[in-house]
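Student: The structure file protein-v4.cif (mmCIF, C-alpha atoms) is provided below.
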```
data_target
loop_
_atom_site.group_PDB
_atom_site.id
_atom_site.type_symbol
_atom_site.label_atom_id
_atom_site.label_comp_id
_atom_site.auth_asym_id
_atom_site.auth_seq_id
_atom_site.Cartn_x
_atom_site.Cartn_y
_atom_site.Cartn_z
ATOM 1 C CA MET Y 1 11.966 28.197 47.739
ATOM 2 C CA THR Y 2 12.124 24.419 47.408
ATOM 3 C CA THR Y 3 15.884 24.481 46.856
ATOM 4 C CA ALA Y 4 16.439 26.604 49.963
ATOM 5 C CA THR Y 5 14.175 24.492 52.143
ATOM 6 C CA SER Y 6 15.759 21.311 50.790
ATOM 7 C CA LEU Y 7 19.156 22.690 51.744
ATOM 8 C CA TYR Y 8 17.865 23.415 55.238
ATOM 9 C CA GLY Y 9 16.437 19.884 55.443
ATOM 10 C CA GLN Y 10 19.798 18.395 54.471
ATOM 11 C CA SER Y 11 21.577 20.581 57.026
ATOM 12 C CA LEU Y 12 19.222 19.405 59.763
ATOM 13 C CA TYR Y 13 19.830 15.806 58.732
ATOM 14 C CA ASP Y 14 23.607 16.301 58.836
ATOM 15 C CA LEU Y 15 23.364 17.789 62.335
ATOM 16 C CA ALA Y 16 21.056 15.015 63.545
ATOM 17 C CA ALA Y 17 23.402 12.372 62.089
ATOM 18 C CA GLU Y 18 26.369 13.878 63.941
ATOM 19 C CA GLU Y 19 24.395 13.802 67.187
ATOM 20 C CA GLY Y 20 22.844 10.348 66.643
ATOM 21 C CA LEU Y 21 19.338 11.806 66.539
ATOM 22 C CA THR Y 22 18.237 10.987 62.993
ATOM 23 C CA GLU Y 23 15.366 8.697 63.957
ATOM 24 C CA GLU Y 24 14.020 10.958 66.717
ATOM 25 C CA ILE Y 25 14.115 14.045 64.484
ATOM 26 C CA LEU Y 26 12.554 12.100 61.586
ATOM 27 C CA LYS Y 27 9.572 11.117 63.740
ATOM 28 C CA GLN Y 28 9.171 14.702 64.911
ATOM 29 C CA MET Y 29 9.436 16.050 61.355
ATOM 30 C CA GLU Y 30 6.746 13.614 60.232
ATOM 31 C CA ALA Y 31 4.461 14.692 63.097
ATOM 32 C CA VAL Y 32 4.980 18.381 62.327
ATOM 33 C CA ASP Y 33 4.353 17.748 58.623
ATOM 34 C CA ASP Y 34 1.057 16.052 59.508
ATOM 35 C CA ILE Y 35 0.094 18.986 61.747
ATOM 36 C CA PHE Y 36 0.903 21.539 59.037
ATOM 37 C CA LYS Y 37 -1.036 19.571 56.402
ATOM 38 C CA ALA Y 38 -4.050 19.258 58.694
ATOM 39 C CA ASN Y 39 -3.879 22.964 59.643
ATOM 40 C CA PRO Y 40 -2.694 25.021 56.645
ATOM 41 C CA ASP Y 41 -4.178 28.164 58.188
ATOM 42 C CA TYR Y 42 -1.644 27.867 61.010
ATOM 43 C CA ILE Y 43 1.218 28.391 58.552
ATOM 44 C CA THR Y 44 -0.665 31.338 57.043
ATOM 45 C CA LEU Y 45 -0.994 32.814 60.531
ATOM 46 C CA LEU Y 46 2.703 32.280 61.274
ATOM 47 C CA LEU Y 47 3.682 34.011 58.028
ATOM 48 C CA GLU Y 48 1.242 36.930 58.410
ATOM 49 C CA PRO Y 49 3.380 40.077 58.028
ATOM 50 C CA SER Y 50 0.962 42.231 60.064
ATOM 51 C CA ILE Y 51 1.864 40.184 63.162
ATOM 52 C CA PRO Y 52 5.259 41.183 64.565
ATOM 53 C CA ARG Y 53 7.962 38.578 63.972
ATOM 54 C CA ARG Y 54 8.705 38.205 67.681
ATOM 55 C CA GLU Y 55 5.033 37.403 68.324
ATOM 56 C CA ARG Y 56 4.935 34.835 65.495
ATOM 57 C CA LEU Y 57 8.079 33.160 66.834
ATOM 58 C CA GLY Y 58 6.463 33.116 70.273
ATOM 59 C CA LEU Y 59 3.358 31.410 68.853
ATOM 60 C CA LEU Y 60 5.507 28.727 67.233
ATOM 61 C CA LYS Y 61 7.582 28.223 70.359
ATOM 62 C CA GLU Y 62 4.488 28.019 72.555
ATOM 63 C CA ALA Y 63 2.789 25.497 70.262
ATOM 64 C CA PHE Y 64 5.724 23.082 70.211
ATOM 65 C CA LYS Y 65 7.599 23.655 73.484
ATOM 66 C CA ASN Y 66 8.294 20.479 75.446
ATOM 67 C CA GLN Y 67 7.164 18.422 72.432
ATOM 68 C CA LEU Y 68 10.134 18.788 70.106
ATOM 69 C CA HIS Y 69 13.855 18.342 70.442
ATOM 70 C CA PRO Y 70 15.522 21.780 70.726
ATOM 71 C CA TYR Y 71 17.212 21.231 67.324
ATOM 72 C CA MET Y 72 13.829 20.655 65.716
ATOM 73 C CA LEU Y 73 12.209 23.654 67.380
ATOM 74 C CA ASN Y 74 15.126 25.888 66.415
ATOM 75 C CA TYR Y 75 14.892 24.546 62.873
ATOM 76 C CA LEU Y 76 11.236 25.565 62.643
ATOM 77 C CA MET Y 77 12.073 28.982 64.031
ATOM 78 C CA ILE Y 78 14.823 29.455 61.436
ATOM 79 C CA LEU Y 79 12.397 28.533 58.640
ATOM 80 C CA LEU Y 80 9.881 30.996 60.059
ATOM 81 C CA GLU Y 81 12.449 33.785 60.389
ATOM 82 C CA ASN Y 82 13.464 33.291 56.765
ATOM 83 C CA SER Y 83 9.850 33.074 55.525
ATOM 84 C CA LEU Y 84 10.419 29.489 54.352
ATOM 85 C CA LEU Y 85 7.850 27.723 56.494
ATOM 86 C CA ARG Y 86 5.588 27.026 53.477
ATOM 87 C CA GLY Y 87 8.410 24.882 52.096
ATOM 88 C CA TYR Y 88 8.545 22.707 55.197
ATOM 89 C CA SER Y 89 7.248 19.625 53.345
ATOM 90 C CA ALA Y 90 10.127 19.856 50.857
ATOM 91 C CA SER Y 91 12.663 20.017 53.686
ATOM 92 C CA TYR Y 92 10.987 17.023 55.324
ATOM 93 C CA ARG Y 93 11.201 15.032 52.055
ATOM 94 C CA THR Y 94 14.902 15.897 51.749
ATOM 95 C CA TYR Y 95 15.526 14.787 55.333
ATOM 96 C CA ARG Y 96 13.594 11.541 54.769
ATOM 97 C CA THR Y 97 15.485 10.841 51.527
ATOM 98 C CA SER Y 98 18.830 11.211 53.316
ATOM 99 C CA TYR Y 99 17.607 9.071 56.206
ATOM 100 C CA ASN Y 100 16.399 6.348 53.841
ATOM 101 C CA LYS Y 101 19.661 6.365 51.901
ATOM 102 C CA ASP Y 102 21.763 6.036 55.060
ATOM 103 C CA HIS Y 103 19.551 3.272 56.478
ATOM 104 C CA GLY Y 104 19.094 1.184 53.308
ATOM 105 C CA ILE Y 105 15.408 1.963 52.971
ATOM 106 C CA ALA Y 106 13.483 2.369 49.726
ATOM 107 C CA GLU Y 107 9.993 3.789 49.445
ATOM 108 C CA ALA Y 108 7.638 2.089 47.025
ATOM 109 C CA THR Y 109 4.108 2.895 45.948
ATOM 110 C CA VAL Y 110 1.806 0.157 44.732
ATOM 111 C CA THR Y 111 -1.325 1.038 42.776
ATOM 112 C CA SER Y 112 -4.089 -1.507 42.371
ATOM 113 C CA ALA Y 113 -7.753 -1.565 41.388
ATOM 114 C CA ILE Y 114 -8.752 -2.672 44.891
ATOM 115 C CA GLU Y 115 -7.033 -2.451 48.265
ATOM 116 C CA LEU Y 116 -4.533 -5.242 48.848
ATOM 117 C CA THR Y 117 -4.954 -7.596 51.778
ATOM 118 C CA LYS Y 118 -2.396 -7.655 54.563
ATOM 119 C CA ALA Y 119 -1.005 -10.967 53.247
ATOM 120 C CA GLN Y 120 -0.690 -9.562 49.709
ATOM 121 C CA THR Y 121 1.023 -6.437 51.029
ATOM 122 C CA GLU Y 122 3.478 -8.484 53.095
ATOM 123 C CA SER Y 123 4.238 -10.774 50.148
ATOM 124 C CA LEU Y 124 4.804 -7.835 47.789
ATOM 125 C CA THR Y 125 6.999 -6.078 50.340
ATOM 126 C CA SER Y 126 9.081 -9.235 50.777
ATOM 127 C CA LYS Y 127 9.544 -9.671 47.011
ATOM 128 C CA LEU Y 128 10.503 -6.008 46.558
ATOM 129 C CA GLU Y 129 13.037 -6.320 49.390
ATOM 130 C CA GLN Y 130 14.574 -9.337 47.643
ATOM 131 C CA ILE Y 131 14.746 -7.474 44.324
ATOM 132 C CA SER Y 132 16.119 -4.198 45.715
ATOM 133 C CA GLY Y 133 18.231 -5.494 48.589
ATOM 134 C CA LYS Y 134 16.720 -2.758 50.771
ATOM 135 C CA LYS Y 135 14.075 -2.512 53.431
ATOM 136 C CA ILE Y 136 10.851 -1.434 51.720
ATOM 137 C CA VAL Y 137 8.337 1.066 53.049
ATOM 138 C CA LEU Y 138 5.232 0.376 50.976
ATOM 139 C CA LYS Y 139 2.430 2.859 50.366
ATOM 140 C CA GLN Y 140 -0.810 1.784 48.730
ATOM 141 C CA LYS Y 141 -3.013 3.627 46.257
ATOM 142 C CA VAL Y 142 -6.296 2.409 44.864
ATOM 143 C CA ASP Y 143 -7.191 3.405 41.300
ATOM 144 C CA SER Y 144 -10.020 1.614 39.511
ATOM 145 C CA ALA Y 145 -8.575 2.750 36.156
ATOM 146 C CA VAL Y 146 -5.840 0.105 36.395
ATOM 147 C CA LEU Y 147 -8.613 -2.527 36.001
ATOM 148 C CA GLY Y 148 -6.469 -5.294 37.505
ATOM 149 C CA GLY Y 149 -2.886 -6.155 38.322
ATOM 150 C CA LEU Y 150 -0.349 -3.933 40.053
ATOM 151 C CA ARG Y 151 1.742 -0.884 39.230
ATOM 152 C CA VAL Y 152 4.763 -0.435 41.491
ATOM 153 C CA GLU Y 153 6.940 2.666 41.626
ATOM 154 C CA ILE Y 154 10.247 2.170 43.417
ATOM 155 C CA GLU Y 155 13.294 4.434 43.347
ATOM 156 C CA GLY Y 156 12.257 6.104 40.112
ATOM 157 C CA LYS Y 157 11.472 2.824 38.353
ATOM 158 C CA LEU Y 158 8.019 1.787 37.224
ATOM 159 C CA LEU Y 159 6.990 -1.854 37.197
ATOM 160 C CA ASP Y 160 3.649 -1.941 35.404
ATOM 161 C CA GLY Y 161 1.773 -5.218 35.505
ATOM 162 C CA THR Y 162 -1.682 -3.681 35.227
ATOM 163 C CA VAL Y 163 -4.313 -4.599 32.688
ATOM 164 C CA MET Y 164 -4.412 -0.932 31.632
ATOM 165 C CA GLY Y 165 -0.643 -0.982 31.100
ATOM 166 C CA ARG Y 166 -0.854 -4.122 28.998
ATOM 167 C CA LEU Y 167 -3.669 -2.651 26.913
ATOM 168 C CA THR Y 168 -1.621 0.484 26.329
ATOM 169 C CA ASP Y 169 1.379 -1.607 25.232
ATOM 170 C CA LEU Y 170 -0.833 -3.641 22.930
ATOM 171 C CA ARG Y 171 -2.275 -0.454 21.423
ATOM 172 C CA LYS Y 172 1.277 0.821 20.737
ATOM 173 C CA LYS Y 173 2.291 -2.415 19.054
ATOM 174 C CA VAL Y 174 -0.821 -2.432 16.862
ATOM 175 C CA SER Y 175 -0.212 1.209 15.905
ATOM 176 C CA GLU Y 176 3.432 0.481 15.019
ATOM 177 C CA THR Y 177 2.425 -2.536 12.929
ATOM 178 C CA VAL Y 178 -0.269 -0.628 11.051
ATOM 179 C CA LEU Y 179 1.988 2.335 10.324
#
```
Please express what this file holds, its structure, as structure tokens.
Tutor:
Amino acid sequence: MTTATSLYGQSLYDLAAEEGLTEEILKQMEAVDDIFKANPDYITLLLEPSIPRRERLGLLKEAFKNQLHPYMLNYLMILLENSLLRGYSASYRTYRTSYNKDHGIAEATVTSAIELTKAQTESLTSKLEQISGKKIVLKQKVDSAVLGGLRVEIEGKLLDGTVMGRLTDLRKKVSETVL
């Protein structure tokens, strides 16, 4: 299902790019993703086979009419008709990945033992932008297991400057030396 929904997400992106609507559709996709995550029972209702398809499509249309661009609403209806609505998040990620690629944006996740201050976040974002040459969208995670330092994941690369990471490296080196 993920492959199919990813293909649909890419198709929507291609259409939005042709029409100059990539940013508008992205914002709407993000809002719909948030709604679906906050209300998983709504997707279950929309996919309930005992409810006639026409009625389910009507529920979807009624919920989002006048709130979404017609392309976006039709997209949701196509996913519903093809029983792919549960894979919506995958299609959204595919759309966002294409958007980021075309707009020179990289997503990064920083993990630290405590929440970073605004100044620390801005400084880290600036440094990552210098390193990558892209605009950085930074997400924060707090994990006390890192003990101290930062772990940054960006475009499939891991930059581990945590105390836990250093201890793990030290353990490996000691094991290699002993053996």
Student: Name the residues captured by the PyMOL selection byres ((chain Y and resi 149-153) around 12) when it is applied to the shown file; answer as a VMD selection string.
Tutor: chain Y and resid 106 to 116 120 to 121 124 to 125 127 to 128 136 to 148 154 to 167
Student: Can you translate the PyMOL selection byres ((chain Y and resi 76) around 10) into the concrete residues it hits in this file, as an mmCIF file with C-alpha atoms, in the coordinates of the input?
Tutor:
```cif
data_model
loop_
_atom_site.group_PDB
_atom_site.id
_atom_site.type_symbol
_atom_site.label_atom_id
_atom_site.label_comp_id
_atom_site.auth_asym_id
_atom_site.auth_seq_id
_atom_site.Cartn_x
_atom_site.Cartn_y
_atom_site.Cartn_z
ATOM 1 C CA MET Y 29 9.436 16.050 61.355
ATOM 2 C CA VAL Y 32 4.980 18.381 62.327
ATOM 3 C CA LEU Y 57 8.079 33.160 66.834
ATOM 4 C CA LEU Y 60 5.507 28.727 67.233
ATOM 5 C CA LYS Y 61 7.582 28.223 70.359
ATOM 6 C CA PHE Y 64 5.724 23.082 70.211
ATOM 7 C CA PRO Y 70 15.522 21.780 70.726
ATOM 8 C CA TYR Y 71 17.212 21.231 67.324
ATOM 9 C CA MET Y 72 13.829 20.655 65.716
ATOM 10 C CA LEU Y 73 12.209 23.654 67.380
ATOM 11 C CA ASN Y 74 15.126 25.888 66.415
ATOM 12 C CA TYR Y 75 14.892 24.546 62.873
ATOM 13 C CA MET Y 77 12.073 28.982 64.031
ATOM 14 C CA ILE Y 78 14.823 29.455 61.436
ATOM 15 C CA LEU Y 79 12.397 28.533 58.640
ATOM 16 C CA LEU Y 80 9.881 30.996 60.059
ATOM 17 C CA GLU Y 81 12.449 33.785 60.389
ATOM 18 C CA ASN Y 82 13.464 33.291 56.765
ATOM 19 C CA LEU Y 84 10.419 29.489 54.352
ATOM 20 C CA LEU Y 85 7.850 27.723 56.494
ATOM 21 C CA TYR Y 88 8.545 22.707 55.197
#
```
Student: Excluding Ser89 in chain Y and residues on its chain fewer than 5 positions from it, collect all residues at most 9 Å away from it, counting only C-alpha atoms, and give them as number ranges by chain.
Tutor: Y: 5, 33, 36-37, 94
Student: Pick from Y:Leu21, Y:Val174, Y:Leu7, Y:Ile105: nearest to His69 in chain Y, with only C-alpha atoms counted?
Tutor: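 Among Y:Leu21, Y:Val174, Y:Leu7, Y:Ile105, it is Y:Leu21 that comes nearest to His69 in chain Y.
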Student: Considering only C-alpha atoms, state which residue in the set Y:Ala63, Y:Asp34, Y:Arg171, Y:Leu26 is at the smallest distance from Gln10 in chain Y.
Tutor: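 Of Y:Ala63, Y:Asp34, Y:Arg171, Y:Leu26, the one nearest Gln10 in chain Y is Y:Leu26, counting only C-alpha atoms.
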Student: Could you tell me which of Y:Thr168, Y:Ala17, Y:Tyr8, Y:Leu59 comes closest to Asp102 in chain Y if we count all atoms listed in the file?
Tutor: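 Residue with the minimum atom-to-atom distance to Asp102 in chain Y: Y:Ala17.
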Student: Could you check how far CA of Leu47 in chain Y sits from CA of Tyr99 in chain Y, in Å to one decimal?
Tutor: 28.6 Å
Student: By how many Å are CA of Glu30 in chain Y and CA of Ser6 in chain Y apart?
Tutor: 15.2 Å
